[in-house]
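Asker: Here you go, one structure.
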Amino acid sequence: MTNQAIKAAQEAVQKSEEFDIRRSPISIAAAVIYIITQLSDNKKLLRDISIATGVAEGTIRNSYKDLYPHVSKIIPNWYAKEEDLKSLNSP
C-alpha cells in the first residue's frame, strides 16, 4: 500500500469509531484495508488481506457488510470521491 493509502486507512478506521459497528478493531481495520485497496490502482485480494492481518476472510466480508452503508462517511474525501465509492462491490 502507498503512504497515501495507509493514511486514508488510518483516517477511515478512526472515523468508523463514530458508528455503532460491533466488530473487533482488527476486523474493522482489515475491512477498511480491503475497501481502500479496492479504491486504489493496486487492488488486493481478500485472501491476501486475510493473510496479512490474520483476520479470516469471512470475518472481513462480514465487517465489510457492516461498514458498507457508512463508506461515504468513513473514507476520506481527499482519497476517494462519491463516484469512486459507487464502484465498490455491494456486499
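How things are named: the first chain in the C-alpha cells is A, the next is B, and so on; residues count from 1 in each chain; ligands count from 1 in the order shown.
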With only C-alpha atoms as the counted atoms, please give the residues lying no more than 9 Å from Ala56 of chain A, apart from itself and same-chain residues fewer than 5 positions off, as a list in words.
Answerer: Ser27, Arg47, Ser50, Ile51 and Arg61 of chain A
Asker: Could you write those residues out with N, CA and C atoms, as an mmCIF file, in the first residue's frame?
Answerer:
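Final output, part06.cif:
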data_model
loop_
_atom_site.group_PDB
_atom_site.id
_atom_site.type_symbol
_atom_site.label_atom_id
_atom_site.label_comp_id
_atom_site.auth_asym_id
_atom_site.auth_seq_id
_atom_site.Cartn_x
_atom_site.Cartn_y
_atom_site.Cartn_z
ATOM 1 N N SER A 27 -10.817 -6.470 12.976
ATOM 2 C CA SER A 27 -11.749 -6.828 11.896
ATOM 3 C C SER A 27 -12.131 -5.595 11.089
ATOM 4 N N ARG A 47 -8.170 -12.645 0.189
ATOM 5 C CA ARG A 47 -7.287 -13.671 0.762
ATOM 6 C C ARG A 47 -5.960 -13.061 1.216
ATOM 7 N N SER A 50 -6.472 -11.101 4.334
ATOM 8 C CA SER A 50 -6.673 -12.055 5.416
ATOM 9 C C SER A 50 -5.341 -12.586 5.931
ATOM 10 N N ILE A 51 -4.468 -12.945 5.027
ATOM 11 C CA ILE A 51 -3.144 -13.459 5.400
ATOM 12 C C ILE A 51 -2.333 -12.378 6.114
ATOM 13 N N ARG A 61 -15.320 -10.138 5.264
ATOM 14 C CA ARG A 61 -16.525 -9.977 4.441
ATOM 15 C C ARG A 61 -17.679 -9.420 5.289
#
Asker: If you count only C-alpha atoms, which residues fall within 10 Å of Ile21 of chain A, apart from same-chain ones fewer than 6 positions away, as an mmCIF file with C-alpha atoms, in the first residue's frame?
Answerer:
data_model
loop_
_atom_site.group_PDB
_atom_site.id
_atom_site.type_symbol
_atom_site.label_atom_id
_atom_site.label_comp_id
_atom_site.auth_asym_id
_atom_site.auth_seq_id
_atom_site.Cartn_x
_atom_site.Cartn_y
_atom_site.Cartn_z
ATOM 1 C CA ILE A 28 -12.710 -3.235 11.112
ATOM 2 C CA SER A 63 -17.141 -6.416 8.587
ATOM 3 C CA ASP A 66 -21.295 -3.637 8.307
ATOM 4 C CA LEU A 67 -19.078 -0.784 7.058
ATOM 5 C CA HIS A 70 -21.219 4.161 6.096
#
Asker: Residues near Trp78 of chain A, anyone? I mean within 10 Å using only C-alpha atoms, not counting same-chain ones fewer than 2 positions away, as a CSV table (one decimal) with all heavy atoms, in the first residue's frame.
Answerer:
chain,number,residue,atom,x,y,z
A,4,GLN,N,-0.1,7.2,1.0
A,4,GLN,CA,-1.4,7.8,0.9
A,4,GLN,C,-2.6,6.9,1.3
A,4,GLN,O,-3.5,7.2,2.0
A,4,GLN,CB,-1.7,8.4,-0.5
A,4,GLN,CG,-2.9,9.3,-0.7
A,4,GLN,CD,-3.0,9.8,-2.1
A,4,GLN,OE1,-2.4,9.3,-3.0
A,4,GLN,NE2,-3.8,10.9,-2.2
A,8,ALA,N,-5.1,7.1,4.5
A,8,ALA,CA,-6.6,7.0,4.3
A,8,ALA,C,-7.2,5.9,5.1
A,8,ALA,O,-8.2,6.1,5.7
A,8,ALA,CB,-6.9,6.8,2.8
A,75,ILE,N,-14.6,6.9,4.4
A,75,ILE,CA,-13.4,7.0,3.6
A,75,ILE,C,-13.2,8.5,3.3
A,75,ILE,O,-14.1,9.3,3.0
A,75,ILE,CB,-13.7,6.3,2.2
A,75,ILE,CG1,-14.0,4.9,2.4
A,75,ILE,CG2,-12.5,6.5,1.3
A,75,ILE,CD1,-12.9,4.1,3.1
A,76,PRO,N,-12.0,9.0,3.6
A,76,PRO,CA,-11.7,10.4,3.4
A,76,PRO,C,-12.0,10.9,2.0
A,76,PRO,O,-11.7,10.3,1.0
A,76,PRO,CB,-10.2,10.6,3.7
A,76,PRO,CG,-9.8,9.3,4.4
A,76,PRO,CD,-10.8,8.3,4.0
A,80,ALA,N,-11.0,9.4,-2.0
A,80,ALA,CA,-12.0,8.8,-3.0
A,80,ALA,C,-13.2,9.7,-3.0
A,80,ALA,O,-13.7,10.1,-2.0
A,80,ALA,CB,-12.3,7.4,-2.6
A,81,LYS,N,-13.6,10.0,-4.2
A,81,LYS,CA,-14.9,10.8,-4.4
A,81,LYS,C,-16.1,9.9,-4.4
A,81,LYS,O,-16.0,8.7,-4.5
A,81,LYS,CB,-14.8,11.5,-5.8
A,81,LYS,CG,-13.6,12.4,-5.9
A,81,LYS,CD,-13.6,13.6,-5.0
A,81,LYS,CE,-12.4,14.5,-5.1
A,81,LYS,NZ,-11.7,14.6,-3.9
Asker: Can you pull out every residue within 9 Å of Pro91 of chain A, counting only C-alpha atoms, but drop anything in the same chain fewer than 5 positions away, and send it as a short mmCIF file (atom, residue, chain, number, x, y, z; two decimals) with all heavy atoms, in the first residue's frame?
Answerer:
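Saved as out.cif:
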data_model
loop_
_atom_site.label_atom_id
_atom_site.label_comp_id
_atom_site.auth_asym_id
_atom_site.auth_seq_id
_atom_site.Cartn_x
_atom_site.Cartn_y
_atom_site.Cartn_z
N ARG A 61 -15.32 -10.14 5.26
CA ARG A 61 -16.53 -9.98 4.44
C ARG A 61 -17.68 -9.42 5.29
O ARG A 61 -18.38 -8.48 4.87
CB ARG A 61 -16.92 -11.33 3.84
CG ARG A 61 -17.23 -11.26 2.38
CD ARG A 61 -17.59 -12.63 1.79
NE ARG A 61 -16.41 -13.25 1.21
CZ ARG A 61 -15.79 -14.32 1.67
NH1 ARG A 61 -16.24 -14.95 2.71
NH2 ARG A 61 -14.73 -14.79 1.07
N ASN A 62 -17.88 -9.98 6.48
CA ASN A 62 -18.96 -9.52 7.36
C ASN A 62 -18.72 -8.10 7.86
O ASN A 62 -19.65 -7.30 7.95
CB ASN A 62 -19.15 -10.48 8.54
CG ASN A 62 -19.77 -11.79 8.10
OD1 ASN A 62 -20.51 -11.84 7.13
ND2 ASN A 62 -19.47 -12.86 8.82
N TYR A 64 -17.03 -5.86 6.22
CA TYR A 64 -17.27 -5.04 5.02
C TYR A 64 -18.76 -4.75 4.89
O TYR A 64 -19.15 -3.61 4.64
CB TYR A 64 -16.73 -5.78 3.80
CG TYR A 64 -16.98 -5.09 2.48
CD1 TYR A 64 -16.21 -3.99 2.10
CD2 TYR A 64 -17.96 -5.53 1.60
CE1 TYR A 64 -16.42 -3.35 0.90
CE2 TYR A 64 -18.18 -4.90 0.39
CZ TYR A 64 -17.41 -3.81 0.04
OH TYR A 64 -17.62 -3.17 -1.15
N LYS A 65 -19.59 -5.77 5.11
CA LYS A 65 -21.05 -5.57 5.04
C LYS A 65 -21.51 -4.54 6.06
O LYS A 65 -22.39 -3.73 5.78
CB LYS A 65 -21.78 -6.90 5.30
CG LYS A 65 -21.74 -7.87 4.17
CD LYS A 65 -22.46 -9.15 4.54
CE LYS A 65 -22.17 -10.24 3.55
NZ LYS A 65 -22.72 -11.54 3.96
N TYR A 68 -20.10 -1.00 4.87
CA TYR A 68 -20.55 -0.54 3.55
C TYR A 68 -21.57 0.60 3.60
O TYR A 68 -21.42 1.59 2.88
CB TYR A 68 -21.07 -1.72 2.72
CG TYR A 68 -21.39 -1.35 1.31
CD1 TYR A 68 -20.38 -1.25 0.35
CD2 TYR A 68 -22.70 -1.10 0.91
CE1 TYR A 68 -20.67 -0.91 -0.96
CE2 TYR A 68 -22.99 -0.76 -0.39
CZ TYR A 68 -21.98 -0.66 -1.33
OH TYR A 68 -22.26 -0.32 -2.62
#
Asker: Which residue gives the smallest distance to Thr37 of chain A among A:Ala12, A:Val71, A:Ala52, A:Met1, with only C-alpha atoms counted?
Answerer: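 Once distances to Thr37 of chain A are computed over only C-alpha atoms, the minimum belongs to A:Met1.
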Asker: Could you pull the residues within 10 Å of Lys44 of chain A, counting only C-alpha atoms, minus those fewer than 6 positions along the same chain, as a list in words?
Answerer: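 The residues satisfying every condition are Met1, Ile33, Tyr34, Ile35, Ile36, Thr37 and Gln38 of chain A.
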Asker: How would the residues just picked look written out with all heavy atoms as a CSV table (one decimal), in the first residue's frame?
Answerer:
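Result written to part03.csv:
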chain,number,residue,atom,x,y,z
A,1,MET,N,0.8,-1.2,0.0
A,1,MET,CA,0.0,0.0,0.0
A,1,MET,C,0.9,1.2,0.0
A,1,MET,O,1.9,1.3,0.6
A,1,MET,CB,-0.9,0.0,1.2
A,1,MET,CG,-2.0,-1.0,1.2
A,1,MET,SD,-3.0,-1.1,2.8
A,1,MET,CE,-3.7,0.5,2.8
A,33,ILE,N,-8.9,-1.8,5.1
A,33,ILE,CA,-7.8,-2.0,4.2
A,33,ILE,C,-8.3,-2.6,2.9
A,33,ILE,O,-7.9,-2.1,1.8
A,33,ILE,CB,-6.7,-2.9,4.8
A,33,ILE,CG1,-6.0,-2.2,6.0
A,33,ILE,CG2,-5.7,-3.4,3.8
A,33,ILE,CD1,-5.2,-3.1,6.9
A,34,TYR,N,-9.2,-3.5,3.0
A,34,TYR,CA,-9.8,-4.1,1.8
A,34,TYR,C,-10.5,-3.0,1.0
A,34,TYR,O,-10.3,-2.9,-0.2
A,34,TYR,CB,-10.8,-5.2,2.2
A,34,TYR,CG,-11.5,-5.8,1.0
A,34,TYR,CD1,-10.8,-6.6,0.1
A,34,TYR,CD2,-12.9,-5.5,0.7
A,34,TYR,CE1,-11.5,-7.1,-1.0
A,34,TYR,CE2,-13.5,-6.1,-0.4
A,34,TYR,CZ,-12.8,-6.9,-1.3
A,34,TYR,OH,-13.4,-7.4,-2.4
A,35,ILE,N,-11.3,-2.2,1.6
A,35,ILE,CA,-12.0,-1.1,0.9
A,35,ILE,C,-11.0,-0.1,0.2
A,35,ILE,O,-11.2,0.2,-0.9
A,35,ILE,CB,-13.0,-0.3,1.9
A,35,ILE,CG1,-14.1,-1.2,2.3
A,35,ILE,CG2,-13.5,1.0,1.2
A,35,ILE,CD1,-14.9,-0.7,3.5
A,36,ILE,N,-10.0,0.3,1.0
A,36,ILE,CA,-9.0,1.2,0.5
A,36,ILE,C,-8.3,0.6,-0.7
A,36,ILE,O,-8.1,1.3,-1.8
A,36,ILE,CB,-8.0,1.6,1.6
A,36,ILE,CG1,-8.7,2.4,2.7
A,36,ILE,CG2,-6.8,2.4,1.0
A,36,ILE,CD1,-9.2,3.8,2.3
A,37,THR,N,-7.9,-0.6,-0.6
A,37,THR,CA,-7.2,-1.2,-1.8
A,37,THR,C,-8.1,-1.4,-3.0
A,37,THR,O,-7.7,-1.3,-4.1
A,37,THR,CB,-6.6,-2.6,-1.4
A,37,THR,OG1,-7.6,-3.5,-1.1
A,37,THR,CG2,-5.6,-2.4,-0.3
A,38,GLN,N,-9.4,-1.6,-2.8
A,38,GLN,CA,-10.4,-1.7,-3.9
A,38,GLN,C,-10.6,-0.4,-4.6
A,38,GLN,O,-10.9,-0.3,-5.8
A,38,GLN,CB,-11.7,-2.3,-3.4
A,38,GLN,CG,-11.7,-3.7,-2.9
A,38,GLN,CD,-11.0,-4.6,-3.9
A,38,GLN,OE1,-11.4,-4.8,-5.0
A,38,GLN,NE2,-9.9,-5.2,-3.4
